[in-house]
Amino acid sequence: MHGFANPARFLRLARWLMPLLLLAGLVLTGGALAWGVFVAPAEGLQGETVRIMYLHVPTAWLGMGGWSAIAVASATELVWRHPLAGIAARAVAVPGAVFTAICLATGSLWGRPAWGTWWVWDGRLTSMLVLLFLYLGYAALAQASESQNGGSRVPAIFGLVGAVNIPIIHYSVLWWNSLHQPPSITAGQSAMAPEFLIPLLIATVGFSLLFGAVVLMRMRAILADQQAEARLRRKAMANKDF
Amino acid sequence: MREALDPWIFITVSYALGVGGTLALIAQSWLAMRRAEARREAGRKP
């Protein structure tokens, strides 16, 4: 892992990996969503609205996965002082927030015809909404720390503390009564028929690759900004000395 | 009594939001990366 602590080495890897992830992600996601809308059958109980699942489930997975990545990167930064860990955590914040917002919006649009309501204040929906606020708070905190040269220790601690919400989201449908269904896919087994499961898994892989490509783009942008700022500071210092 | 809602309206809006949001995120991230890297390269010129 420390092999990639060198930004130049990381940039060499990101330059060929990012377009690869983007292309594969676009192909897989486009194909899986088209399959979900035009080919996959309607479900017996939920009818056509089940097609929203091919968007809702991958974005929910990435909302939770994104914060888990922030927590791991934050721990790596605090414990090992890995120079790219803070940048990686910052790069995850906006895509994580966008996918959590899409998850909440598509869930609401699924809930109206399926449950008869846009929203209920139950454990799953409320903890997902809290996750969105955590992302927004993290992004604001990281931005403020950066602009005041405060480093990224405070956002890293926030990233670790916020991870408490991830198991709450996961177990909320088991701990409390909820309109939301319990997990259909658990480790090694699925309660879902293959005609629904296969496009769902492909969409999840596709969205995950797109998420990875976006994070790499944002890491490259943050690194380039930092390098440009450092160069400007050096020039300003040189002119002052002169 | 259950109201009869057209599910395709909800499906269409969901896909418009999901696909549109994802593409907008990709485009914004791509432009931010290109802009930042162009700024860094401009700073390298003497």
# chains A, B, ... in the order shown; residues from 1 in each chain; ligands from 1
>>> interface_residues(of="chain A", to="chain B", cutoff="9 Å", atoms="only C-alpha atoms", output="JSON, numbers by chain")
{"A": [22, 33, 37, 47, 48, 49, 50, 51, 52, 55, 56, 59, 94, 95, 98, 99, 102, 103, 105, 106, 107, 109, 110, 112, 113, 116, 207, 210, 211, 213, 214, 215, 217, 218, 219, 220, 221, 222, 223, 224, 225, 226, 227, 228, 229, 231, 232]}
>>> residues_around(residues="Gly25 in chain A", least_positions_apart="4", cutoff="8 Å", atoms="only C-alpha atoms", output="ChimeraX atom specification")
/A:21,29,205-210
>>> residues_around(residues="Met128 in chain A", least_positions_apart="5", cutoff="12 Å", atoms="only C-alpha atoms", output="VMD selection string")
chain A and resid 59 to 64 67 96 to 97 99 to 105 107 to 108 120 to 123 133 to 135 165 to 173
>>> select_by_dssp(residues="range 106-171 of chain A", states="alpha helix (DSSP H)", output="ChimeraX atom specification")
/A:106-115,123-147,153-162,165-171
>>> write_last_selection(atoms="N, CA and C atoms", output="short mmCIF file (atom, residue, chain, number, x, y, z; two decimals), in the first residue's frame")
data_model
loop_
_atom_site.label_atom_id
_atom_site.label_comp_id
_atom_site.auth_asym_id
_atom_site.auth_seq_id
_atom_site.Cartn_x
_atom_site.Cartn_y
_atom_site.Cartn_z
N THR A 106 -34.91 7.51 -5.61
CA THR A 106 -35.51 6.35 -6.29
C THR A 106 -36.30 5.49 -5.29
N GLY A 107 -35.85 5.47 -4.04
CA GLY A 107 -36.59 4.72 -3.01
C GLY A 107 -37.95 5.35 -2.77
N SER A 108 -37.96 6.68 -2.75
CA SER A 108 -39.21 7.39 -2.56
C SER A 108 -40.16 7.16 -3.74
N LEU A 109 -39.58 7.18 -4.95
CA LEU A 109 -40.39 6.95 -6.16
C LEU A 109 -40.87 5.51 -6.24
N TRP A 110 -40.16 4.59 -5.63
CA TRP A 110 -40.58 3.18 -5.58
C TRP A 110 -41.65 3.02 -4.49
N GLY A 111 -41.46 3.75 -3.38
CA GLY A 111 -42.37 3.61 -2.25
C GLY A 111 -43.78 4.09 -2.54
N ARG A 112 -43.91 5.15 -3.35
CA ARG A 112 -45.25 5.72 -3.60
C ARG A 112 -46.20 4.69 -4.22
N PRO A 113 -45.82 4.03 -5.36
CA PRO A 113 -46.74 3.02 -5.88
C PRO A 113 -46.74 1.70 -5.08
N ALA A 114 -45.61 1.36 -4.44
CA ALA A 114 -45.53 0.06 -3.76
C ALA A 114 -46.13 0.10 -2.36
N TRP A 115 -45.87 1.18 -1.59
CA TRP A 115 -46.34 1.26 -0.21
C TRP A 115 -47.50 2.23 -0.05
N GLY A 123 -36.47 3.15 10.50
CA GLY A 123 -35.02 3.06 10.72
C GLY A 123 -34.20 3.12 9.45
N ARG A 124 -34.60 2.39 8.40
CA ARG A 124 -33.79 2.33 7.18
C ARG A 124 -33.76 3.67 6.46
N LEU A 125 -34.95 4.25 6.24
CA LEU A 125 -35.00 5.51 5.47
C LEU A 125 -34.32 6.65 6.24
N THR A 126 -34.57 6.69 7.56
CA THR A 126 -34.00 7.78 8.35
C THR A 126 -32.48 7.66 8.42
N SER A 127 -31.96 6.44 8.60
CA SER A 127 -30.50 6.29 8.70
C SER A 127 -29.83 6.57 7.35
N MET A 128 -30.52 6.30 6.23
CA MET A 128 -29.97 6.66 4.91
C MET A 128 -29.96 8.18 4.75
N LEU A 129 -31.00 8.86 5.25
CA LEU A 129 -31.03 10.32 5.18
C LEU A 129 -29.90 10.91 6.04
N VAL A 130 -29.66 10.29 7.21
CA VAL A 130 -28.55 10.73 8.07
C VAL A 130 -27.23 10.56 7.32
N LEU A 131 -27.10 9.46 6.55
CA LEU A 131 -25.87 9.25 5.76
C LEU A 131 -25.65 10.38 4.77
N LEU A 132 -26.73 10.83 4.11
CA LEU A 132 -26.61 11.95 3.16
C LEU A 132 -26.10 13.20 3.88
N PHE A 133 -26.67 13.48 5.06
CA PHE A 133 -26.22 14.67 5.82
C PHE A 133 -24.75 14.51 6.26
N LEU A 134 -24.36 13.27 6.61
CA LEU A 134 -22.96 13.03 6.99
C LEU A 134 -22.02 13.34 5.82
N TYR A 135 -22.41 12.90 4.61
CA TYR A 135 -21.60 13.19 3.43
C TYR A 135 -21.48 14.70 3.22
N LEU A 136 -22.61 15.41 3.31
CA LEU A 136 -22.58 16.86 3.08
C LEU A 136 -21.70 17.53 4.14
N GLY A 137 -21.83 17.08 5.40
CA GLY A 137 -21.02 17.63 6.48
C GLY A 137 -19.54 17.36 6.25
N TYR A 138 -19.24 16.13 5.81
CA TYR A 138 -17.83 15.76 5.57
C TYR A 138 -17.24 16.62 4.45
N ALA A 139 -18.02 16.80 3.36
CA ALA A 139 -17.52 17.58 2.22
C ALA A 139 -17.25 19.03 2.66
N ALA A 140 -18.17 19.60 3.46
CA ALA A 140 -18.00 20.98 3.92
C ALA A 140 -16.78 21.09 4.85
N LEU A 141 -16.64 20.11 5.73
CA LEU A 141 -15.52 20.11 6.69
C LEU A 141 -14.18 19.97 5.97
N ALA A 142 -14.13 19.07 4.99
CA ALA A 142 -12.89 18.87 4.24
C ALA A 142 -12.53 20.13 3.47
N GLN A 143 -13.54 20.77 2.89
CA GLN A 143 -13.31 22.02 2.13
C GLN A 143 -12.78 23.12 3.06
N ALA A 144 -13.41 23.24 4.25
CA ALA A 144 -13.01 24.28 5.20
C ALA A 144 -11.59 24.02 5.70
N SER A 145 -11.27 22.74 6.00
CA SER A 145 -9.92 22.40 6.49
C SER A 145 -8.88 22.72 5.45
N GLU A 146 -9.21 22.42 4.19
CA GLU A 146 -8.28 22.65 3.08
C GLU A 146 -8.02 24.15 2.90
N SER A 147 -9.12 24.95 2.93
CA SER A 147 -8.95 26.39 2.67
C SER A 147 -8.23 27.10 3.82
N ARG A 153 -6.96 16.10 9.59
CA ARG A 153 -7.17 15.29 10.80
C ARG A 153 -8.62 15.36 11.27
N VAL A 154 -9.19 16.57 11.27
CA VAL A 154 -10.57 16.72 11.76
C VAL A 154 -11.55 15.97 10.84
N PRO A 155 -11.47 16.16 9.49
CA PRO A 155 -12.34 15.35 8.63
C PRO A 155 -12.11 13.85 8.81
N ALA A 156 -10.86 13.44 9.06
CA ALA A 156 -10.58 12.00 9.22
C ALA A 156 -11.28 11.46 10.47
N ILE A 157 -11.27 12.24 11.56
CA ILE A 157 -11.95 11.80 12.79
C ILE A 157 -13.46 11.75 12.54
N PHE A 158 -13.98 12.76 11.83
CA PHE A 158 -15.40 12.78 11.47
C PHE A 158 -15.76 11.55 10.61
N GLY A 159 -14.86 11.20 9.68
CA GLY A 159 -15.09 10.04 8.81
C GLY A 159 -15.17 8.75 9.60
N LEU A 160 -14.32 8.64 10.64
CA LEU A 160 -14.34 7.43 11.47
C LEU A 160 -15.59 7.37 12.34
N VAL A 161 -15.93 8.51 12.95
CA VAL A 161 -17.11 8.54 13.84
C VAL A 161 -18.38 8.26 13.04
N GLY A 162 -18.47 8.83 11.83
CA GLY A 162 -19.66 8.65 10.99
C GLY A 162 -19.88 7.21 10.58
N ASN A 165 -22.81 4.83 11.61
CA ASN A 165 -24.11 4.78 10.94
C ASN A 165 -24.24 3.60 9.96
N ILE A 166 -23.11 3.06 9.49
CA ILE A 166 -23.18 2.01 8.46
C ILE A 166 -23.84 0.72 8.97
N PRO A 167 -23.40 0.16 10.12
CA PRO A 167 -24.13 -1.02 10.63
C PRO A 167 -25.57 -0.70 11.02
N ILE A 168 -25.83 0.55 11.44
CA ILE A 168 -27.22 0.92 11.78
C ILE A 168 -28.09 0.81 10.53
N ILE A 169 -27.58 1.33 9.38
CA ILE A 169 -28.34 1.22 8.12
C ILE A 169 -28.57 -0.25 7.79
N HIS A 170 -27.49 -1.03 7.86
CA HIS A 170 -27.56 -2.43 7.43
C HIS A 170 -28.56 -3.24 8.27
N TYR A 171 -28.49 -3.06 9.60
CA TYR A 171 -29.34 -3.89 10.47
C TYR A 171 -30.68 -3.26 10.81
#
>>> residues_around(residues="Ser184 in chain A", least_positions_apart="5", cutoff="12 Å", atoms="only C-alpha atoms", output="MDAnalysis selection string")
chainID A and resid 53 57 173 189:193 196:197 200
>>> atom_distance(atom1="CA of Leu201 in chain A", atom2="CA of Leu28 in chain A")
10.1 Å
>>> select_by_dssp(residues="range 74-214 of chain A", states="strand (DSSP E or B)", output="PyMOL selection string")
chain A and resi 185-186+189-190
>>> write_last_selection(atoms="C-alpha atoms", output="PDB file, in the first residue's frame")
ATOM      1  CA  ILE A 185     -29.057 -10.934  -0.870  1.00  0.00           C
ATOM      2  CA  THR A 186     -26.848 -12.080   1.988  1.00  0.00           C
ATOM      3  CA  GLN A 189     -27.166 -16.743  -0.884  1.00  0.00           C
ATOM      4  CA  SER A 190     -30.044 -14.909  -2.510  1.00  0.00           C
TER       5      SER A 190
END
